[in-house]
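Visitor: Just so it is clear, I am handing over coords-v2.cif, which has mmCIF, C-alpha atoms.
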data_query
loop_
_atom_site.label_atom_id
_atom_site.label_comp_id
_atom_site.auth_asym_id
_atom_site.auth_seq_id
_atom_site.Cartn_x
_atom_site.Cartn_y
_atom_site.Cartn_z
CA MET A 1 0.00 0.00 0.00
CA LYS A 2 2.82 2.39 0.91
CA LYS A 3 4.46 1.59 -2.43
CA ILE A 4 1.28 2.49 -4.34
CA ILE A 5 0.91 5.76 -2.41
CA SER A 6 4.55 6.60 -3.11
CA LEU A 7 4.07 5.94 -6.83
CA ILE A 8 0.96 8.13 -6.94
CA PHE A 9 2.79 10.92 -5.11
CA PHE A 10 5.79 10.64 -7.45
CA ALA A 11 3.52 10.77 -10.52
CA ALA A 12 1.74 13.85 -9.15
CA VAL A 13 5.05 15.62 -8.53
CA ILE A 14 6.29 14.84 -12.04
CA ALA A 15 3.00 16.04 -13.53
CA SER A 16 3.16 19.30 -11.58
CA ILE A 17 6.75 19.91 -12.67
CA ALA A 18 5.87 19.21 -16.31
CA ALA A 19 2.90 21.55 -16.07
CA ALA A 20 5.06 24.30 -14.61
CA GLN A 21 7.61 23.88 -17.41
CA THR A 22 5.03 24.01 -20.23
CA PRO A 23 4.62 27.60 -21.50
CA VAL A 24 1.12 29.03 -21.08
CA PRO A 25 -0.67 29.81 -24.38
CA ALA A 26 -0.42 33.44 -25.44
CA LYS A 27 -3.12 36.05 -25.04
CA ALA A 28 -4.75 37.67 -28.06
CA GLN A 29 -3.11 40.82 -29.41
CA ALA A 30 -4.32 43.77 -27.32
CA LYS A 31 -2.89 46.75 -29.25
CA PRO A 32 -1.13 47.47 -32.55
CA ILE A 33 2.55 46.51 -32.63
CA ALA A 34 5.28 47.93 -34.87
CA LEU A 35 8.72 46.41 -35.42
CA THR A 36 11.22 49.00 -36.65
CA GLY A 37 14.80 48.98 -37.88
CA GLY A 38 15.10 45.30 -38.74
CA VAL A 39 16.05 43.47 -41.94
CA ALA A 40 12.85 41.88 -43.26
CA HIS A 41 13.03 38.67 -45.30
CA LEU A 42 9.57 38.61 -46.86
CA GLY A 43 9.59 34.94 -47.87
CA ASN A 44 9.01 35.69 -51.56
CA GLY A 45 12.65 36.38 -52.40
CA GLN A 46 12.56 40.06 -51.43
CA VAL A 47 14.54 41.65 -48.60
CA ILE A 48 13.94 45.08 -47.00
CA LYS A 49 17.10 46.35 -45.31
CA ASN A 50 15.37 48.89 -43.05
CA ALA A 51 11.85 47.58 -42.56
CA LEU A 52 8.74 48.74 -40.80
CA ILE A 53 6.50 45.80 -39.94
CA ALA A 54 3.22 46.55 -38.15
CA PHE A 55 0.23 44.40 -37.27
CA ASP A 56 -3.08 44.69 -35.47
CA LYS A 57 -5.74 42.16 -34.46
CA GLY A 58 -3.52 39.36 -35.72
CA LYS A 59 -3.09 40.71 -39.26
CA LEU A 60 -0.21 42.52 -40.94
CA THR A 61 -1.13 46.15 -41.63
CA ILE A 62 2.20 47.62 -42.76
CA VAL A 63 5.15 46.00 -44.55
CA ALA A 64 7.30 48.82 -45.88
CA ASP A 65 10.76 50.26 -46.35
CA ALA A 66 11.21 52.75 -43.51
CA THR A 67 13.61 54.83 -45.61
CA VAL A 68 10.86 55.79 -48.09
CA VAL A 69 7.68 55.85 -45.99
CA ARG A 70 6.70 57.84 -42.93
CA VAL A 71 4.03 56.47 -40.61
CA ASP A 72 2.63 57.94 -37.40
CA LEU A 73 3.30 55.23 -34.82
CA SER A 74 1.53 56.91 -31.92
CA GLY A 75 -0.84 54.34 -30.50
CA TYR A 76 1.50 51.50 -31.45
CA GLU A 77 3.67 49.43 -29.17
CA VAL A 78 6.99 50.10 -30.90
CA ILE A 79 9.69 47.43 -30.67
CA ARG A 80 13.11 48.50 -31.89
CA ILE A 81 14.93 45.63 -33.57
CA ASP A 82 17.86 47.48 -35.15
CA GLY A 83 20.22 45.07 -36.90
CA LYS A 84 18.03 42.06 -36.26
CA HIS A 85 16.21 39.98 -38.88
CA VAL A 86 12.46 39.45 -39.32
CA TYR A 87 11.06 36.30 -40.97
CA PRO A 88 7.64 34.83 -41.67
CA GLY A 89 7.01 31.87 -39.37
CA PHE A 90 8.57 28.68 -40.71
CA ILE A 91 6.09 25.99 -41.78
CA LEU A 92 6.81 22.31 -41.11
CA PRO A 93 4.86 19.98 -43.45
CA ASN A 94 4.31 16.22 -43.11
CA SER A 95 4.82 16.02 -39.34
CA GLN A 96 3.35 13.88 -36.57
CA VAL A 97 3.68 16.64 -33.99
CA GLY A 98 0.88 16.38 -31.45
CA LEU A 99 0.12 12.80 -32.50
CA GLN A 100 3.16 11.14 -30.96
CA GLU A 101 5.20 11.92 -27.88
CA VAL A 102 7.31 8.96 -26.75
CA SER A 103 7.42 6.39 -29.54
CA ALA A 104 8.34 3.56 -27.16
CA VAL A 105 5.14 4.09 -25.15
CA ARG A 106 2.19 2.76 -27.11
CA ALA A 107 -0.34 4.91 -25.28
CA MET A 108 1.49 8.04 -26.46
CA ASN A 109 1.14 7.15 -30.17
CA ASP A 110 -2.03 8.20 -31.96
CA TYR A 111 -1.01 8.75 -35.57
CA ALA A 112 -2.45 5.74 -37.42
CA GLU A 113 -5.63 3.66 -37.69
CA ARG A 114 -6.07 0.04 -38.68
CA GLY A 115 -7.08 -0.73 -42.24
CA GLU A 116 -5.87 0.41 -45.65
CA MET A 117 -8.37 3.03 -46.85
CA ASN A 118 -8.92 5.63 -44.13
CA PRO A 119 -9.51 9.02 -45.78
CA ASN A 120 -12.09 9.83 -43.09
CA VAL A 121 -9.47 9.75 -40.32
CA ARG A 122 -8.80 13.34 -39.15
CA SER A 123 -5.48 13.98 -37.44
CA ILE A 124 -6.68 17.29 -35.98
CA ILE A 125 -8.97 15.72 -33.38
CA SER A 126 -6.02 13.82 -31.89
CA TYR A 127 -3.69 16.80 -31.81
CA ASN A 128 -2.15 17.29 -28.35
CA THR A 129 -1.38 20.94 -27.59
CA ASP A 130 0.54 19.91 -24.45
CA SER A 131 3.24 18.14 -26.47
CA GLU A 132 6.72 19.10 -25.30
CA TYR A 133 7.88 19.18 -28.91
CA ILE A 134 5.89 22.35 -29.59
CA PRO A 135 8.04 24.80 -27.54
CA THR A 136 11.22 23.31 -29.05
CA TYR A 137 9.88 23.96 -32.56
CA ARG A 138 8.90 27.58 -32.07
CA PHE A 139 12.18 28.30 -30.25
CA ASN A 140 13.81 27.81 -33.67
CA GLY A 141 11.17 29.69 -35.66
CA VAL A 142 8.82 26.86 -36.63
CA LEU A 143 5.48 28.48 -35.84
CA LEU A 144 3.17 26.35 -38.00
CA ALA A 145 3.11 22.62 -38.68
CA GLU A 146 1.05 20.16 -40.67
CA THR A 147 -0.09 17.41 -38.31
CA THR A 148 -0.23 14.32 -40.49
CA PRO A 149 -1.58 10.78 -40.05
CA SER A 150 0.32 7.79 -41.38
CA GLY A 151 -0.15 4.08 -42.02
CA GLY A 152 -2.23 2.10 -44.50
CA THR A 153 -2.63 3.01 -48.14
CA ILE A 154 -4.74 6.11 -47.53
CA SER A 155 -3.74 7.41 -44.10
CA GLY A 156 -6.31 10.15 -43.63
CA SER A 157 -6.62 13.93 -43.57
CA SER A 158 -3.98 16.36 -42.30
CA SER A 159 -4.43 19.86 -40.88
CA LEU A 160 -2.25 22.91 -40.37
CA VAL A 161 -1.85 23.92 -36.72
CA GLU A 162 -0.29 26.86 -34.90
CA MET A 163 2.41 26.08 -32.37
CA GLU A 164 0.40 27.35 -29.41
CA GLY A 165 -3.07 27.04 -27.89
CA TRP A 166 -4.99 25.39 -25.06
CA ASN A 167 -6.65 22.73 -27.23
CA TRP A 168 -6.83 21.61 -30.84
CA GLU A 169 -9.67 24.00 -31.58
CA ASP A 170 -7.45 26.91 -30.48
CA ALA A 171 -4.43 25.63 -32.41
CA ALA A 172 -6.22 24.78 -35.65
CA HIS A 173 -5.20 27.12 -38.46
CA THR A 174 -6.65 25.30 -41.49
CA VAL A 175 -8.33 21.93 -40.99
CA ASP A 176 -8.46 18.99 -43.39
CA ILE A 177 -6.18 20.49 -46.02
CA GLY A 178 -5.49 17.22 -47.79
CA ILE A 179 -5.56 13.43 -48.03
CA HIS A 180 -2.36 11.39 -47.69
CA LEU A 181 -1.84 8.42 -50.00
CA ASN A 182 1.10 6.01 -49.63
CA TRP A 183 1.71 4.82 -53.19
CA PRO A 184 2.42 1.05 -53.34
CA PRO A 185 6.10 0.36 -54.08
CA GLN A 186 7.04 -1.74 -57.09
CA ASN A 187 9.94 -3.14 -55.12
CA ARG A 188 10.06 -3.72 -51.38
CA ARG A 189 13.24 -2.79 -49.50
CA GLN A 190 14.27 -4.82 -46.46
CA PHE A 191 17.36 -4.49 -44.33
CA ASP A 192 19.65 -7.52 -44.58
CA PHE A 193 21.67 -7.97 -41.40
CA ASN A 194 23.95 -10.47 -43.13
CA THR A 195 25.25 -7.86 -45.56
CA PHE A 196 24.25 -4.85 -43.44
CA SER A 197 22.57 -3.30 -46.45
CA PHE A 198 19.14 -3.04 -48.04
CA ALA A 199 17.91 -5.83 -50.30
CA GLU A 200 15.11 -5.38 -52.81
CA SER A 201 12.45 -7.84 -53.88
CA PRO A 202 9.57 -7.35 -56.34
CA ASN A 203 6.19 -6.41 -54.88
CA ARG A 204 4.03 -9.15 -56.41
CA ASP A 205 0.85 -7.40 -55.28
CA TYR A 206 1.66 -4.09 -56.99
CA GLU A 207 -0.88 -4.36 -59.81
CA LYS A 208 -3.56 -5.56 -57.41
CA GLN A 209 -2.91 -2.65 -55.01
CA VAL A 210 -3.06 -0.09 -57.83
CA ASN A 211 -6.30 -1.62 -59.13
CA GLU A 212 -7.82 -1.35 -55.66
CA LEU A 213 -6.87 2.34 -55.56
CA GLU A 214 -8.39 2.93 -59.00
CA MET A 215 -11.62 1.27 -57.88
CA PHE A 216 -11.74 3.32 -54.67
CA PHE A 217 -11.17 6.61 -56.47
CA ALA A 218 -13.77 5.70 -59.13
CA GLU A 219 -16.30 4.94 -56.38
CA SER A 220 -15.48 8.27 -54.74
CA VAL A 221 -16.13 10.16 -57.98
CA SER A 222 -19.42 8.31 -58.54
CA TYR A 223 -20.48 8.94 -54.96
CA GLY A 224 -19.92 12.66 -55.39
CA LYS A 225 -22.16 12.80 -58.46
CA GLN A 226 -25.15 11.25 -56.68
CA THR A 227 -27.82 13.69 -55.59
CA SER A 228 -29.51 11.31 -53.16
CA LYS A 229 -27.34 8.88 -51.27
CA GLU A 230 -26.67 7.16 -47.98
CA THR A 231 -23.71 8.81 -46.26
CA ASN A 232 -20.42 6.93 -46.62
CA LEU A 233 -17.79 8.58 -44.42
CA LYS A 234 -14.82 7.25 -46.41
CA LEU A 235 -16.16 8.36 -49.78
CA GLU A 236 -17.43 11.64 -48.33
CA ALA A 237 -13.94 12.51 -47.09
CA MET A 238 -12.56 12.08 -50.62
CA GLN A 239 -14.81 14.70 -52.22
CA GLY A 240 -12.60 17.74 -51.77
CA LEU A 241 -9.98 16.16 -54.02
CA PHE A 242 -12.09 16.45 -57.17
CA ASP A 243 -13.06 20.11 -56.89
CA GLY A 244 -9.70 21.49 -55.74
CA LYS A 245 -10.64 22.10 -52.11
CA LYS A 246 -8.19 19.48 -50.84
CA VAL A 247 -4.68 18.42 -51.81
CA LEU A 248 -3.69 14.85 -52.60
CA PHE A 249 -0.32 14.20 -50.93
CA LEU A 250 1.40 11.33 -52.73
CA HIS A 251 4.04 9.68 -50.55
CA VAL A 252 6.37 8.20 -53.15
CA ASN A 253 10.12 8.12 -53.87
CA ASN A 254 11.00 6.01 -56.90
CA PRO A 255 11.14 8.03 -60.17
CA LYS A 256 8.92 5.63 -62.10
CA GLU A 257 6.43 5.45 -59.27
CA ILE A 258 6.35 9.26 -59.02
CA VAL A 259 5.25 9.46 -62.66
CA GLU A 260 2.75 6.60 -62.32
CA SER A 261 1.19 7.96 -59.13
CA VAL A 262 0.81 11.49 -60.53
CA ARG A 263 -0.74 10.20 -63.75
CA PHE A 264 -3.08 8.00 -61.73
CA ALA A 265 -4.23 11.00 -59.69
CA GLN A 266 -4.74 13.08 -62.82
CA ARG A 267 -6.78 10.31 -64.47
CA SER A 268 -8.89 10.10 -61.34
CA GLY A 269 -9.78 13.79 -61.56
CA VAL A 270 -7.65 15.09 -58.68
CA LYS A 271 -7.06 18.82 -59.10
CA ARG A 272 -4.15 19.53 -56.71
CA ILE A 273 -1.24 17.11 -56.24
CA VAL A 274 1.89 17.27 -54.07
CA VAL A 275 4.66 14.66 -53.96
CA VAL A 276 5.98 13.87 -50.46
CA GLY A 277 9.38 12.21 -50.15
CA GLY A 278 10.43 12.47 -53.75
CA LEU A 279 13.97 11.15 -53.31
CA GLY A 280 13.97 10.23 -56.99
CA ALA A 281 12.40 13.51 -58.10
CA LEU A 282 15.59 14.76 -59.76
CA TRP A 283 15.30 12.10 -62.45
CA VAL A 284 11.75 13.20 -63.35
CA ALA A 285 12.19 16.92 -62.69
CA ASP A 286 10.98 17.91 -66.18
CA PHE A 287 7.79 15.92 -65.65
CA LEU A 288 7.16 17.56 -62.28
CA LYS A 289 7.85 21.03 -63.66
CA GLU A 290 5.55 20.47 -66.65
CA ASN A 291 2.72 19.30 -64.41
CA LYS A 292 3.38 21.95 -61.73
CA ILE A 293 3.77 19.36 -58.96
CA PRO A 294 5.48 20.65 -55.77
CA VAL A 295 7.78 18.27 -53.89
CA ILE A 296 8.11 18.07 -50.11
CA LEU A 297 11.62 16.70 -49.53
CA PRO A 298 12.81 15.04 -46.32
CA SER A 299 15.66 16.37 -44.18
CA THR A 300 18.84 17.41 -45.96
CA HIS A 301 20.68 16.01 -42.93
CA SER A 302 20.62 12.44 -44.14
CA LEU A 303 22.47 9.83 -46.19
CA PRO A 304 21.73 9.07 -49.84
CA ALA A 305 18.99 6.54 -50.48
CA ARG A 306 20.97 4.49 -53.02
CA ILE A 307 24.55 3.23 -53.00
CA ASP A 308 25.23 4.79 -56.42
CA ASP A 309 23.97 8.26 -55.40
CA ASP A 310 26.43 11.07 -54.69
CA VAL A 311 27.24 11.08 -50.99
CA ASP A 312 26.16 14.74 -50.79
CA LEU A 313 22.97 14.33 -52.85
CA PRO A 314 20.59 15.02 -49.91
CA PHE A 315 22.46 18.28 -49.25
CA LYS A 316 22.25 19.58 -52.82
CA LEU A 317 18.95 18.03 -53.95
CA PRO A 318 16.83 21.11 -53.04
CA HIS A 319 19.14 23.32 -55.12
CA LEU A 320 19.20 20.94 -58.10
CA LEU A 321 15.41 20.62 -58.16
CA THR A 322 14.95 24.39 -57.81
CA GLN A 323 17.34 24.90 -60.73
CA ALA A 324 15.21 22.47 -62.73
CA GLY A 325 12.11 24.59 -62.08
CA VAL A 326 10.44 22.38 -59.45
CA THR A 327 8.76 23.98 -56.42
CA VAL A 328 10.64 22.60 -53.42
CA CYS A 329 9.55 22.40 -49.77
CA LEU A 330 11.53 20.97 -46.87
CA SER A 331 10.37 18.69 -44.06
CA ASN A 332 11.78 15.94 -41.87
CA ASP A 333 10.06 12.84 -43.31
CA ASP A 334 7.65 12.22 -40.39
CA ALA A 335 10.43 12.35 -37.77
CA LEU A 336 9.75 14.42 -34.66
CA HIS A 337 13.08 14.60 -32.89
CA GLY A 338 14.90 16.65 -35.52
CA SER A 339 12.05 18.70 -36.97
CA ARG A 340 12.96 21.75 -34.90
CA ASN A 341 16.06 21.95 -37.14
CA LEU A 342 13.94 22.80 -40.19
CA ALA A 343 15.74 26.13 -40.63
CA PHE A 344 19.11 24.37 -40.64
CA PHE A 345 17.97 21.92 -43.33
CA ALA A 346 17.47 25.01 -45.48
CA GLY A 347 20.82 26.38 -44.32
CA THR A 348 22.55 23.19 -45.48
CA ALA A 349 20.93 23.59 -48.91
CA VAL A 350 22.42 27.12 -49.01
CA ALA A 351 25.86 25.71 -48.25
CA TYR A 352 25.43 23.41 -51.26
CA GLY A 353 24.53 26.01 -53.83
CA MET A 354 21.00 27.22 -53.13
CA ASP A 355 20.31 30.94 -52.94
CA LYS A 356 19.55 31.97 -49.36
CA GLU A 357 16.19 33.56 -50.14
CA GLU A 358 15.22 30.57 -52.30
CA ALA A 359 16.04 28.29 -49.37
CA LEU A 360 13.87 30.47 -47.14
CA LYS A 361 10.98 30.03 -49.59
CA ALA A 362 11.37 26.25 -49.20
CA ILE A 363 10.27 26.54 -45.55
CA THR A 364 7.81 29.43 -45.94
CA SER A 365 6.02 30.50 -49.13
CA ASN A 366 6.61 27.32 -51.16
CA THR A 367 5.24 25.21 -48.34
CA ALA A 368 2.26 27.53 -47.89
CA LYS A 369 1.44 27.18 -51.60
CA ALA A 370 1.82 23.39 -51.50
CA LEU A 371 -0.54 23.17 -48.51
CA GLY A 372 -3.00 25.64 -50.04
CA VAL A 373 -2.71 28.23 -47.25
CA ASP A 374 -0.66 30.89 -49.04
CA SER A 375 -3.50 33.41 -48.85
CA ARG A 376 -2.87 33.66 -45.09
CA VAL A 377 0.72 32.68 -44.32
CA GLY A 378 4.12 32.06 -45.90
CA THR A 379 5.14 35.65 -46.64
CA LEU A 380 5.18 39.02 -44.91
CA GLU A 381 2.43 40.84 -46.81
CA VAL A 382 -0.30 43.25 -45.74
CA GLY A 383 -3.51 41.37 -44.93
CA LYS A 384 -1.84 38.08 -44.05
CA ASP A 385 -1.56 36.56 -40.57
CA ALA A 386 0.95 38.24 -38.28
CA THR A 387 2.85 34.98 -37.81
CA LEU A 388 6.50 36.00 -37.73
CA PHE A 389 9.59 36.11 -35.58
CA VAL A 390 12.68 38.23 -34.93
CA SER A 391 16.14 36.63 -34.93
CA GLU A 392 19.42 38.12 -33.73
CA GLY A 393 21.00 37.09 -37.04
CA ASP A 394 20.58 34.74 -40.00
CA ALA A 395 17.84 32.30 -38.99
CA LEU A 396 19.17 29.60 -41.36
CA ASP A 397 22.46 29.46 -39.43
CA TYR A 398 22.35 27.63 -36.09
CA ARG A 399 24.97 30.01 -34.66
CA THR A 400 22.81 33.11 -35.22
CA ASN A 401 19.29 31.65 -35.06
CA ILE A 402 18.57 33.29 -31.71
CA LEU A 403 14.96 34.41 -31.42
CA SER A 404 14.10 37.49 -29.40
CA HIS A 405 10.40 37.78 -30.34
CA ALA A 406 7.83 35.49 -31.96
CA PHE A 407 4.20 36.17 -32.83
CA ILE A 408 1.52 33.74 -33.96
CA SER A 409 -1.51 35.51 -35.44
CA GLY A 410 -0.39 38.60 -33.54
CA LYS A 411 -0.07 36.82 -30.20
CA GLN A 412 3.38 37.11 -28.65
CA VAL A 413 4.42 33.62 -27.62
CA ILE A 414 6.80 32.52 -24.89
CA LEU A 415 9.99 31.21 -26.46
CA PRO A 416 12.01 29.45 -23.72
CA GLY A 417 10.83 25.93 -22.89
CA ILE A 418 11.91 23.03 -20.71
CA GLN A 419 15.27 22.63 -22.44
CA GLN A 420 16.28 26.22 -21.83
CA GLU A 421 15.03 25.99 -18.24
CA LEU A 422 17.13 22.87 -17.60
CA TYR A 423 20.17 24.50 -19.23
CA GLU A 424 19.95 27.52 -16.97
CA ARG A 425 19.22 25.45 -13.87
CA TYR A 426 22.26 23.19 -14.25
CA SER A 427 24.49 25.99 -15.51
CA ARG A 428 23.84 27.71 -12.17
CA LYS A 429 24.37 24.45 -10.29
CA TYR A 430 27.79 23.91 -11.81
CA GLY A 431 28.79 27.57 -11.73
CA HIS A 432 28.64 28.39 -15.46
CA ILE A 433 25.97 31.06 -14.77
CA LYS A 434 26.09 33.12 -11.58
#
Rewrite the structure from the file as structure tokens, please.
Guide:
Amino acid sequence: MKKIISLIFFAAVIASIAAAQTPVPAKAQAKPIALTGGVAHLGNGQVIKNALIAFDKGKLTIVADATVVRVDLSGYEVIRIDGKHVYPGFILPNSQVGLQEVSAVRAMNDYAERGEMNPNVRSIISYNTDSEYIPTYRFNGVLLAETTPSGGTISGSSSLVEMEGWNWEDAAHTVDIGIHLNWPPQNRRQFDFNTFSFAESPNRDYEKQVNELEMFFAESVSYGKQTSKETNLKLEAMQGLFDGKKVLFLHVNNPKEIVESVRFAQRSGVKRIVVVGGLGALWVADFLKENKIPVILPSTHSLPARIDDDVDLPFKLPHLLTQAGVTVCLSNDDALHGSRNLAFFAGTAVAYGMDKEEALKAITSNTAKALGVDSRVGTLEVGKDATLFVSEGDALDYRTNILSHAFISGKQVILPGIQQELYERYSRKYGHIK
């Protein structure tokens, strides 16, 4: 009995500590705010050396060059940021943030459902705003993320969420933006411990799996044309794909499969298509450019997928695809632990040839366009959400990505989280900080 009481007490103490270390969601913007003197990177390739950025009620009201405009700032809360840099909030696509916390604990994983065809599964209703990943993301400038289901052939519907809020209703920015389809591979890859390498074997069910997808999409189209029908949740969830309201995210890597999956979607009447993964996209870049298909690439901080690839291919792939005319976005391929380094994935692409402002677009405006939310976020433009942050220096460089201010829809968010608190605590303990 004493052991049980001790365990309950210990759990309560841990819970109270965790609660104390979790930043409280921000309050709504109370008065107009103006940022003056900073270098503004607009996210569309333009840079304003001496910028005036103002916002009210969560929306940008002024984005201008302070050397050519004069504005009466009485009534504004003026924040001087001389020499600092202003960026639109970084957007992380294809993430399981809020759906998974500790992967080794089954009860803390809620990112997949059983079955193969689950377009009706909505990740947003499982989104956990108390996730400890959230403060670590926004500390590096990631202020928006696509919370994405996985598993099966059709995983479900993803939504864009803000990196703050009391509950998923508060955090939801744009719900049900698209359906995620895992295209069947023609060849299955399995790790061989004898050779310590990947071995490939033909997927004998490939044709069958593609036929099942064709049948499901055909049924979805027919269902949408019926005027009187019994509600089918799976087919109902597919409807936005055929009128352009939703995006079809094709998770596919092999060059041949990229072409086949895109052509399949086009035949099925899908209006908006995005390739996720796309490790083989360079070999079909002309096809992707011609069909205006954006590609969401995984982390640049990785090894090549094939033994005959250049060892630095992941580092330079964003630049090579951009040169080929493909719209490139950056992500972390479902992984949670490194997603806060999104800015540094872009920074690595810069080190391997990509223009700095083009790399910025890969984590801001390009991603916003791919997700279909570019009317609200992705760039610093009048009328868009005031989701932005101020960095001491270049935000794509880990040495100078030091945030001083961050705003999500005009709300000023708390930046330090549990990691910073622990750093300061133990720095004091061991005498590094007095």
Visitor: Given the file shown, enumerate the residues that the PyMOL selection byres ((chain A and resi 51-66) around 6) captures and present them as a PyMOL selection string.
Guide: chain A and resi 29+32-40+48+50+67-69+382-386+409-410
Visitor: Which residues, named as in the file, does the PyMOL selection byres ((chain A and resi 189) around 8) pick out? Answer as a count of residues only.
Guide: 8
Visitor: Expressed in Å to a single decimal, how great is the separation between atom CA of Phe345 of chain A and atom CA of Asn332 of chain A?
Guide: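 That distance, rounded to one decimal, is 8.7 Å.
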Visitor: For the structure shown, which residues end up in the PyMOL selection byres ((chain A and resi 275-280) around 8)? Put them as a list in words, please?
Guide: Asn94, Phe249, Leu250, His251, Val252, Asn253, Asn254, Pro255, Ile258, Ile273, Val274, Ala281, Leu282, Trp283, Val284, Ile293, Pro294, Val295, Ile296, Leu297, Pro298, Ala305 and Asp333 of chain A
Visitor: Rounded to one decimal place, report the atom CA of Thr147 of chain A-atom CA of Ser103 of chain A distance in Å.
Guide: 16.0 Å
Visitor: Go through A:Ser404, A:Thr153, A:Ser331, A:Gln96 and flag the residue nearest Val210 of chain A, using all atoms listed in the file for the distances.
Guide: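 The answer is A:Thr153, which sits nearest to Val210 of chain A.
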Visitor: So that I can see what lies close to Asn401 of chain A, please list as a VMD selection string the residues with an atom at most 7 Å from it, counting all atoms listed in the file and leaving out residues fewer than 3 positions away in the same chain.
Guide: chain A and resid 140 391 to 398
Visitor: Can you work out the spacing between atom CA of Val142 of chain A and atom CA of Val311 of chain A in Å, to one decimal?
Guide: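 Atom CA of Val142 of chain A sits 28.2 Å away from atom CA of Val311 of chain A.
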Visitor: Between A:Phe196, A:Phe139, A:Phe242, A:Trp166, which residue has the minimum interatomic distance to Ala26 of chain A, considering all atoms listed in the file?
Guide: A:Trp166
Visitor: Can you pull out every residue within 10 Å of Gly325 of chain A, counting only C-alpha atoms, but drop anything in the same chain fewer than 6 positions away, and send it as a list in words?
Guide: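 The contact residues come out as Ala285, Asp286, Leu288, Lys289, Glu290, Lys292, Pro294 and His319 of chain A.
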